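Novice: Sharing a structure below in structure tokens format, with a few things to ask.
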Amino acid sequence: MNKHIRTALLNGRLVLLFGAGASKGCKNSLNEDIPLGGELANILAEELGEELDGEDLSEVYSAAKSELGEHVHKIFERYFKHCKPSIEYTELLKYPFFRIYSLNIDDAFENAAHKNGIINFNVKLRNDNISEVDQFYKTLDYIKLNGDINRVSDGFIFSSQEYGSNSASEPLWYSELARDFHKYTFIGTKLKEPLFYHQIEKYKAKTGSSDLKSYILIPSLTNIQKKGLLSSNIHHLEGKLSDFVNWLQDEFDKPPTSNDILRNTRPELTIENIENTNKISLFSGVTPVNRSSLVLMKKPEKVSQIRDFYKGFKPSWFDIIDEVPAFLSDVHEFFDEFFLDNNSKPLDLYLILGSAGCGKTTALKQLALKIADQGGRNVYFIEEYKADFLEFIIELDYRNTEPYYIFIERVGDLSVDIANIIKGAKSSKAIFISSENPKIWTTRVKVNLGLYVTESLDMSQIKDSDADLILNKLEMYGNWTRLSRMSNKNRKIELIQKSKRQLLIGLLEATSGEGYNEIIKKDYASITCASEKSLLMLAGLATIQRVPANESTLTRALSYLNLNSDVHYLSTNMDGIVQYLNGNVTTRHRVYIEQLFHLYVPKAELKEIISAYIKSFSVYQFPIARNISRNEFTIYKHLVNAKYLKKIFKDDKDSVLSLYESFEKTFENEGLFLMQYGLALRSYDENIQAYEKLRIAQQAFPESPHIEHALAQQRIILACNDKNETSALALFSEAESALNRLNTANIRSNVGAFDRYPIITLSEGHVKVLDNLGLKIEAKVIAKQYYDRITKDSELFSNIIVQQTSKKLMKYYLTGRWPEKSDN
């Protein structure tokens, strides 16, 4: 074996493919060796009462299936079920593989897993939904491509006819096998396997993918066979599965664990003193900020002297350690006043406000490292949404004897949780420091956190006093060619005045000498490779949601576009445009991407890219939200969001609705997709069709309160357009039952200020339905009842949107006329 295989294993990028020979050493229920191809052909021929005359297994199996029917399954159970695993199988399960493909139908490997007490072990068949690779490397998916003796109803693949029909229908795991081969390092144990080679060659021809080095593990090959394999970059390893296992035992004193892989690939997750490895998942997306741990993080493969930060990327931790961005004066003063000598106290909440591209993330990271350098208190930086935030804080409170700092890039995502902690967890030691866009803060977040902010800093614009600090850093780490020819006064004019004091735009315009939009236009035009251009747009769709794009999903999307889908290879050719790290791809700032999409990417091209990205999520089990990571779900939710599609397609009804229509069958059981389809139809006043989509969405995902709310609201819309009192009140009655149920479940002000709470929908809808029916007296009485109900609930009434509803209710009570927007 070799160093390449060792490195692939320790980096969580080694995948095995078991051929028939892998089962050698296993015993079946007859205490015999599991029969291989020729032996199984003899067994089936005997059952048929025939003698073999050169026929291979596929021919004999076809005849047996035709002649013996379901009895063939009984024969298979005798020879392939309740098998005892080999020593090799038992030993392999000690190592942290995340996927193993198998061409065998016996259950020996599964029995080895059960015997070893491995809990996170999943058996998948070729037509099963794809499952995400476990980001903590604790789960092994065992994919049986030719069938499973424990699921005989799903059928087997032995004959050429069966292989042909399955290949034509393209089972999900066949395609995933090909993608994995071009993405990971493979070790296979069988040479003549048409399924495998057909898929990888089909994939290669379609995408032009650049292969990674993989291996075939068999005792011997001819030179011609070796040369044939090298055409697919498959290298011969002389030996058997037992030799591979012996090599693993010799190479490692003890088998590496999933935590060892995390230490190599994601050192930010290896928090000190986490005895219970099940707790590691709480720290996903969390970076413990201290220099000793930050320097262990994997650097980008290329680090130019002109740092990516000055090309429009968000700062990496290496940028912060190397002091690549300037430490702006306001940020320095903010530190000195509130964090110097750790003088902040538990449950304090500090907020940095600023428009996109003003440097909020940079300031947060600089403050985090500067606070950590003081010592005495731990510092944690959260870089993604955490659904388990409350549990995470409980864990940190347990682990920290002193107050600790929590940095959160976007406070809006966690505003309700933070408010609940500050209100109810008086014993928590957490100190919160976060940032937000001023508009989002005002319209969505302030209602939850406004009362709890200790201090805030607005850094939307560059100050004159910061110009020299920024220019000094630009000279060291940016493109200085143009600025070097200017006087210092003119440099400041270029940096501050021409960009209207916007930091990101100022940096790019000052170094290039061109307007921001012209920079974007030229960058995009310079990408001549269709695969690279598509990768930028796909990853850009994730950037807009402030999350990285996952390599697996990008690979799938690019292959659907019939493009080169080797994400790592493409990324290496796009230095300064995208960044690849640990299987994730990021692009320049979201402001850059939004302008690119808005101004320079044709609508038809965007639609094709978005369609491919949406399709790449269709391989997962529904509801998708429960079967993918939070970051990936953030992207998927964004891609199918009606408001976003209307925005990016500039409210072109045909583009928006045709996109939904193209996936209507594929996502017929996916509640979120159907809900957004219904909301899109509603926005174009297609209310009957919207109702049907929302009704089906609830059937697909009945547990979703958001779908139930949307359906109730649609019933109210229909009731408001119905002049028949009986049918209108019947529709409203159904909506009222659902909204009261949601209200009782406490889906009120703790959902988030941007949601339409059940009480808002119910109160406004009830009055409008009665008004539509001409029942003004009854409507005025109802308006007053809802007004009293809302204003008596102090927690509910503290919400600014609920306050607006209460004003509308009172106006209607006094005037008998529902106020229009212009009246508010």
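If you're wondering about the labels, chains in the structure tokens are A, B, ... by order shown, residues count from 1 in each chain, ligands from 1 in order shown.
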Which neighbours of stretch 542-557 of chain A fall inside 6 Å, counting only C-alpha atoms, when residues of the same chain fewer than 6 positions from it are skipped, and could you give them as a compact mmCIF listing (two decimals) with C-alpha atoms, in the first residue's frame?
Specialist:
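File produced: out-v6.txt:
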```txt
# COMPACT_ATOMS: atom_id res chain seq x y z
CA SER A 565 -17.98 18.23 -12.04
CA GLY A 583 -15.04 19.98 0.73
CA ASN A 584 -16.68 23.42 0.77
CA VAL A 585 -16.59 26.21 -1.80
CA THR A 586 -16.95 29.92 -1.06
CA ARG A 590 -22.51 38.29 -1.33
CA ALA A 612 -29.64 22.05 -11.60
CA TYR A 613 -29.01 23.05 -7.98
CA SER A 616 -29.26 18.04 -6.84
CA ILE A 635 -29.34 26.75 0.42
```
Novice: So which bits of stretch 179-422 of chain A end up alpha helix (DSSP H) when you DSSP the backbone, as a PyMOL selection string?
Specialist: chain A and resi 179-181+194-207+223-230+241-251+258-265+291-294+317-321+329-338+360-374+389-399+415-422
Novice: Atoms to include: C-alpha atoms. Write the selected residues as a JSON list (two decimals), in the first residue's frame.
Specialist:
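File written: part_36.json
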```
[["chain", "number", "residue", "atom", "x", "y", "z"],
["A", 179, "ARG", "CA", -19.49, 10.89, -8.65],
["A", 180, "ASP", "CA", -17.74, 9.45, -5.61],
["A", 181, "PHE", "CA", -15.16, 7.77, -7.82],
["A", 194, "PRO", "CA", -19.40, -3.80, -15.97],
["A", 195, "LEU", "CA", -21.68, -1.81, -13.67],
["A", 196, "PHE", "CA", -18.79, 0.07, -12.09],
["A", 197, "TYR", "CA", -16.82, 0.79, -15.25],
["A", 198, "HIS", "CA", -19.88, 1.71, -17.28],
["A", 199, "GLN", "CA", -20.92, 4.30, -14.71],
["A", 200, "ILE", "CA", -17.54, 5.96, -14.30],
["A", 201, "GLU", "CA", -16.91, 6.10, -18.05],
["A", 202, "LYS", "CA", -20.42, 7.40, -18.69],
["A", 203, "TYR", "CA", -19.87, 10.08, -16.06],
["A", 204, "LYS", "CA", -16.44, 10.94, -17.40],
["A", 205, "ALA", "CA", -17.72, 11.27, -20.98],
["A", 206, "LYS", "CA", -20.58, 13.49, -19.85],
["A", 207, "THR", "CA", -18.62, 15.79, -17.57],
["A", 223, "ASN", "CA", 0.53, -5.57, -18.38],
["A", 224, "ILE", "CA", -2.29, -5.01, -20.87],
["A", 225, "GLN", "CA", -4.86, -5.06, -18.05],
["A", 226, "LYS", "CA", -2.77, -2.62, -16.04],
["A", 227, "LYS", "CA", -2.49, -0.22, -18.97],
["A", 228, "GLY", "CA", -6.23, -0.43, -19.57],
["A", 229, "LEU", "CA", -6.94, 0.50, -15.94],
["A", 230, "LEU", "CA", -4.53, 3.42, -16.04],
["A", 241, "LEU", "CA", -8.52, -7.83, 1.00],
["A", 242, "SER", "CA", -6.59, -9.63, 3.74],
["A", 243, "ASP", "CA", -3.38, -7.91, 2.56],
["A", 244, "PHE", "CA", -5.08, -4.53, 2.79],
["A", 245, "VAL", "CA", -6.27, -5.30, 6.33],
["A", 246, "ASN", "CA", -2.76, -6.48, 7.32],
["A", 247, "TRP", "CA", -1.34, -3.23, 5.92],
["A", 248, "LEU", "CA", -3.81, -1.20, 7.99],
["A", 249, "GLN", "CA", -2.79, -3.09, 11.14],
["A", 250, "ASP", "CA", 0.91, -2.55, 10.40],
["A", 251, "GLU", "CA", 0.44, 1.12, 9.50],
["A", 258, "SER", "CA", -13.61, 9.64, 13.55],
["A", 259, "ASN", "CA", -12.13, 12.20, 15.95],
["A", 260, "ASP", "CA", -8.71, 11.69, 14.35],
["A", 261, "ILE", "CA", -10.21, 12.59, 10.97],
["A", 262, "LEU", "CA", -11.81, 15.68, 12.51],
["A", 263, "ARG", "CA", -8.47, 16.71, 13.95],
["A", 264, "ASN", "CA", -6.98, 16.55, 10.45],
["A", 265, "THR", "CA", -9.82, 18.16, 8.54],
["A", 291, "ARG", "CA", -3.99, 31.34, 18.42],
["A", 292, "SER", "CA", -2.83, 27.82, 19.26],
["A", 293, "SER", "CA", -5.96, 26.21, 17.81],
["A", 294, "LEU", "CA", -6.42, 28.62, 14.90],
["A", 317, "TRP", "CA", -8.74, 33.32, 10.43],
["A", 318, "PHE", "CA", -5.27, 33.32, 8.87],
["A", 319, "ASP", "CA", -5.97, 36.83, 7.58],
["A", 320, "ILE", "CA", -6.92, 37.90, 11.10],
["A", 321, "ILE", "CA", -3.83, 36.28, 12.68],
["A", 329, "SER", "CA", -10.50, 53.08, 14.83],
["A", 330, "ASP", "CA", -14.15, 52.62, 15.86],
["A", 331, "VAL", "CA", -13.60, 48.91, 16.41],
["A", 332, "HIS", "CA", -10.49, 49.63, 18.48],
["A", 333, "GLU", "CA", -12.39, 52.10, 20.64],
["A", 334, "PHE", "CA", -15.25, 49.62, 21.02],
["A", 335, "PHE", "CA", -12.78, 47.05, 22.34],
["A", 336, "ASP", "CA", -11.08, 49.47, 24.71],
["A", 337, "GLU", "CA", -14.35, 50.68, 26.20],
["A", 338, "PHE", "CA", -16.20, 47.40, 26.67],
["A", 360, "LYS", "CA", -18.79, 43.59, 10.19],
["A", 361, "THR", "CA", -17.41, 40.05, 9.97],
["A", 362, "THR", "CA", -13.85, 41.36, 9.91],
["A", 363, "ALA", "CA", -14.52, 43.45, 13.03],
["A", 364, "LEU", "CA", -16.09, 40.52, 14.85],
["A", 365, "LYS", "CA", -13.14, 38.24, 14.12],
["A", 366, "GLN", "CA", -10.64, 40.91, 15.10],
["A", 367, "LEU", "CA", -12.45, 41.52, 18.40],
["A", 368, "ALA", "CA", -12.69, 37.79, 19.07],
["A", 369, "LEU", "CA", -8.95, 37.23, 18.67],
["A", 370, "LYS", "CA", -8.05, 40.37, 20.61],
["A", 371, "ILE", "CA", -10.29, 39.34, 23.51],
["A", 372, "ALA", "CA", -8.88, 35.80, 23.42],
["A", 373, "ASP", "CA", -5.33, 37.16, 23.53],
["A", 374, "GLN", "CA", -6.10, 38.73, 26.90],
["A", 389, "PHE", "CA", -28.14, 26.80, 20.15],
["A", 390, "LEU", "CA", -29.84, 26.52, 23.54],
["A", 391, "GLU", "CA", -28.32, 23.08, 24.11],
["A", 392, "PHE", "CA", -24.96, 24.46, 23.00],
["A", 393, "ILE", "CA", -25.11, 27.27, 25.57],
["A", 394, "ILE", "CA", -26.05, 24.78, 28.32],
["A", 395, "GLU", "CA", -22.99, 22.71, 27.37],
["A", 396, "LEU", "CA", -20.70, 25.77, 27.45],
["A", 397, "ASP", "CA", -22.11, 26.88, 30.79],
["A", 398, "TYR", "CA", -21.24, 23.44, 32.14],
["A", 399, "ARG", "CA", -17.71, 23.50, 30.72],
["A", 415, "SER", "CA", -32.48, 36.44, 18.16],
["A", 416, "VAL", "CA", -35.34, 34.53, 19.76],
["A", 417, "ASP", "CA", -33.01, 32.03, 21.44],
["A", 418, "ILE", "CA", -30.74, 34.80, 22.75],
["A", 419, "ALA", "CA", -33.72, 36.75, 24.08],
["A", 420, "ASN", "CA", -34.99, 33.66, 25.88],
["A", 421, "ILE", "CA", -31.55, 33.02, 27.39],
["A", 422, "ILE", "CA", -31.17, 36.59, 28.63]]
```
Novice: Can you tell me how far atom CA of A:His589 sits from atom CA of A:Leu351, in Å to one decimal?
Specialist: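 Going from atom CA of A:His589 over to atom CA of A:Leu351, I get 21.0 Å.
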Novice: Near A:Phe98, counting only C-alpha atoms, which residues have an atom at most 12 Å away, once you skip same-chain residues fewer than 6 positions from it, shown as a VMD selection string?
Specialist: chain A and resid 8 to 16 92 120 to 122 131 to 143 180 184 257 to 258 261
Novice: Only N, CA, C and O atoms, please: the residues just picked out, written as a compact mmCIF listing (two decimals), in the first residue's frame.
Specialist:
```
# COMPACT_ATOMS: atom_id res chain seq x y z
N ALA A 8 -5.53 9.58 2.45
CA ALA A 8 -6.95 9.61 2.10
C ALA A 8 -7.80 9.09 3.26
O ALA A 8 -8.86 9.66 3.57
N LEU A 9 -7.35 8.04 3.93
CA LEU A 9 -8.10 7.51 5.07
C LEU A 9 -8.17 8.52 6.20
O LEU A 9 -9.23 8.77 6.78
N LEU A 10 -7.05 9.14 6.52
CA LEU A 10 -6.99 10.09 7.65
C LEU A 10 -7.71 11.40 7.34
O LEU A 10 -8.03 12.16 8.25
N ASN A 11 -7.96 11.66 6.06
CA ASN A 11 -8.70 12.86 5.68
C ASN A 11 -10.15 12.56 5.34
O ASN A 11 -10.87 13.42 4.82
N GLY A 12 -10.60 11.33 5.63
CA GLY A 12 -12.00 10.97 5.38
C GLY A 12 -12.35 10.96 3.90
O GLY A 12 -13.46 11.31 3.52
N ARG A 13 -11.42 10.53 3.04
CA ARG A 13 -11.66 10.55 1.61
C ARG A 13 -11.31 9.21 0.95
O ARG A 13 -10.97 9.16 -0.23
N LEU A 14 -11.40 8.11 1.72
CA LEU A 14 -11.13 6.78 1.17
C LEU A 14 -12.43 5.98 1.14
O LEU A 14 -13.11 5.85 2.16
N VAL A 15 -12.77 5.46 -0.04
CA VAL A 15 -14.00 4.69 -0.23
C VAL A 15 -13.63 3.31 -0.75
O VAL A 15 -12.76 3.18 -1.62
N LEU A 16 -14.28 2.28 -0.22
CA LEU A 16 -14.03 0.91 -0.66
C LEU A 16 -15.16 0.43 -1.56
O LEU A 16 -16.31 0.83 -1.41
N LEU A 92 -12.04 -4.48 9.39
CA LEU A 92 -12.27 -3.25 8.63
C LEU A 92 -13.22 -2.31 9.36
O LEU A 92 -13.10 -1.08 9.25
N ASN A 120 -24.26 3.31 14.18
CA ASN A 120 -24.47 4.19 13.02
C ASN A 120 -24.05 3.48 11.74
O ASN A 120 -23.06 3.84 11.09
N PHE A 121 -24.81 2.46 11.39
CA PHE A 121 -24.52 1.64 10.22
C PHE A 121 -25.80 1.53 9.40
O PHE A 121 -26.82 1.03 9.88
N ASN A 122 -25.75 2.01 8.15
CA ASN A 122 -26.95 2.01 7.31
C ASN A 122 -26.71 1.19 6.06
O ASN A 122 -25.69 1.35 5.38
N SER A 131 -27.97 9.60 1.01
CA SER A 131 -27.82 10.22 2.33
C SER A 131 -26.53 11.02 2.33
O SER A 131 -25.54 10.63 1.71
N GLU A 132 -26.55 12.17 2.99
CA GLU A 132 -25.35 13.00 3.09
C GLU A 132 -24.25 12.26 3.83
O GLU A 132 -24.52 11.47 4.75
N VAL A 133 -23.02 12.52 3.44
CA VAL A 133 -21.89 12.00 4.21
C VAL A 133 -21.92 12.62 5.59
O VAL A 133 -22.10 13.84 5.73
N ASP A 134 -21.80 11.79 6.61
CA ASP A 134 -21.81 12.29 7.98
C ASP A 134 -20.60 13.20 8.19
O ASP A 134 -19.46 12.78 8.06
N GLN A 135 -20.86 14.47 8.50
CA GLN A 135 -19.77 15.44 8.64
C GLN A 135 -18.86 15.14 9.82
O GLN A 135 -17.76 15.68 9.92
N PHE A 136 -19.30 14.23 10.72
CA PHE A 136 -18.46 13.86 11.86
C PHE A 136 -17.86 12.46 11.70
O PHE A 136 -17.23 11.95 12.62
N TYR A 137 -18.06 11.84 10.54
CA TYR A 137 -17.45 10.56 10.19
C TYR A 137 -17.77 9.45 11.20
O TYR A 137 -16.96 8.57 11.45
N LYS A 138 -18.96 9.50 11.76
CA LYS A 138 -19.37 8.47 12.72
C LYS A 138 -20.35 7.47 12.11
O LYS A 138 -20.72 6.49 12.75
N THR A 139 -20.81 7.73 10.89
CA THR A 139 -21.81 6.89 10.25
C THR A 139 -21.22 6.22 9.02
O THR A 139 -20.54 6.88 8.22
N LEU A 140 -21.48 4.93 8.88
CA LEU A 140 -21.04 4.19 7.70
C LEU A 140 -22.26 3.79 6.88
O LEU A 140 -23.17 3.11 7.38
N ASP A 141 -22.30 4.22 5.63
CA ASP A 141 -23.32 3.78 4.68
C ASP A 141 -22.74 2.64 3.84
O ASP A 141 -21.70 2.81 3.18
N TYR A 142 -23.42 1.50 3.89
CA TYR A 142 -23.00 0.31 3.14
C TYR A 142 -23.98 0.15 1.97
O TYR A 142 -25.15 -0.17 2.18
N ILE A 143 -23.50 0.42 0.76
CA ILE A 143 -24.38 0.50 -0.41
C ILE A 143 -24.26 -0.79 -1.23
O ILE A 143 -23.18 -1.08 -1.78
N ASP A 180 -18.69 9.71 -6.70
CA ASP A 180 -17.74 9.45 -5.61
C ASP A 180 -16.39 9.00 -6.17
O ASP A 180 -15.34 9.35 -5.62
N TYR A 184 -13.41 10.96 -4.59
CA TYR A 184 -12.67 10.35 -3.49
C TYR A 184 -11.64 9.36 -4.04
O TYR A 184 -11.62 9.06 -5.23
N THR A 257 -9.69 7.00 14.65
CA THR A 257 -11.11 7.18 14.94
C THR A 257 -11.68 8.34 14.12
O THR A 257 -10.95 9.08 13.46
N SER A 258 -12.97 8.51 14.21
CA SER A 258 -13.61 9.64 13.55
C SER A 258 -13.05 10.95 14.08
O SER A 258 -12.90 11.93 13.34
N ILE A 261 -9.93 11.94 12.25
CA ILE A 261 -10.21 12.59 10.97
C ILE A 261 -10.60 14.05 11.19
O ILE A 261 -10.15 14.95 10.47
```
Novice: Quick one: residues within 10 Å of stretch 480-491 of chain A, only C-alpha atoms, excluding same-chain residues fewer than 3 positions away - as a ChimeraX atom specification?
Specialist: /A:306,467-468,471,473-477,494-497,510-513
Novice: So which one's closest to A:Ile648, A:Leu469, A:Gln621, A:Ile593, A:Glu670? Using only C-alpha atoms, please.
Specialist: A:Ile593
Novice: What's the 12 Å shell around stretch 124-130 of chain A, counting only C-alpha atoms, without same-chain residues fewer than 5 positions away, as a ChimeraX atom specification?
Specialist: /A:99-105,110,140-157,163,166-167,169-177,195,552-553,556,616-624,627-628
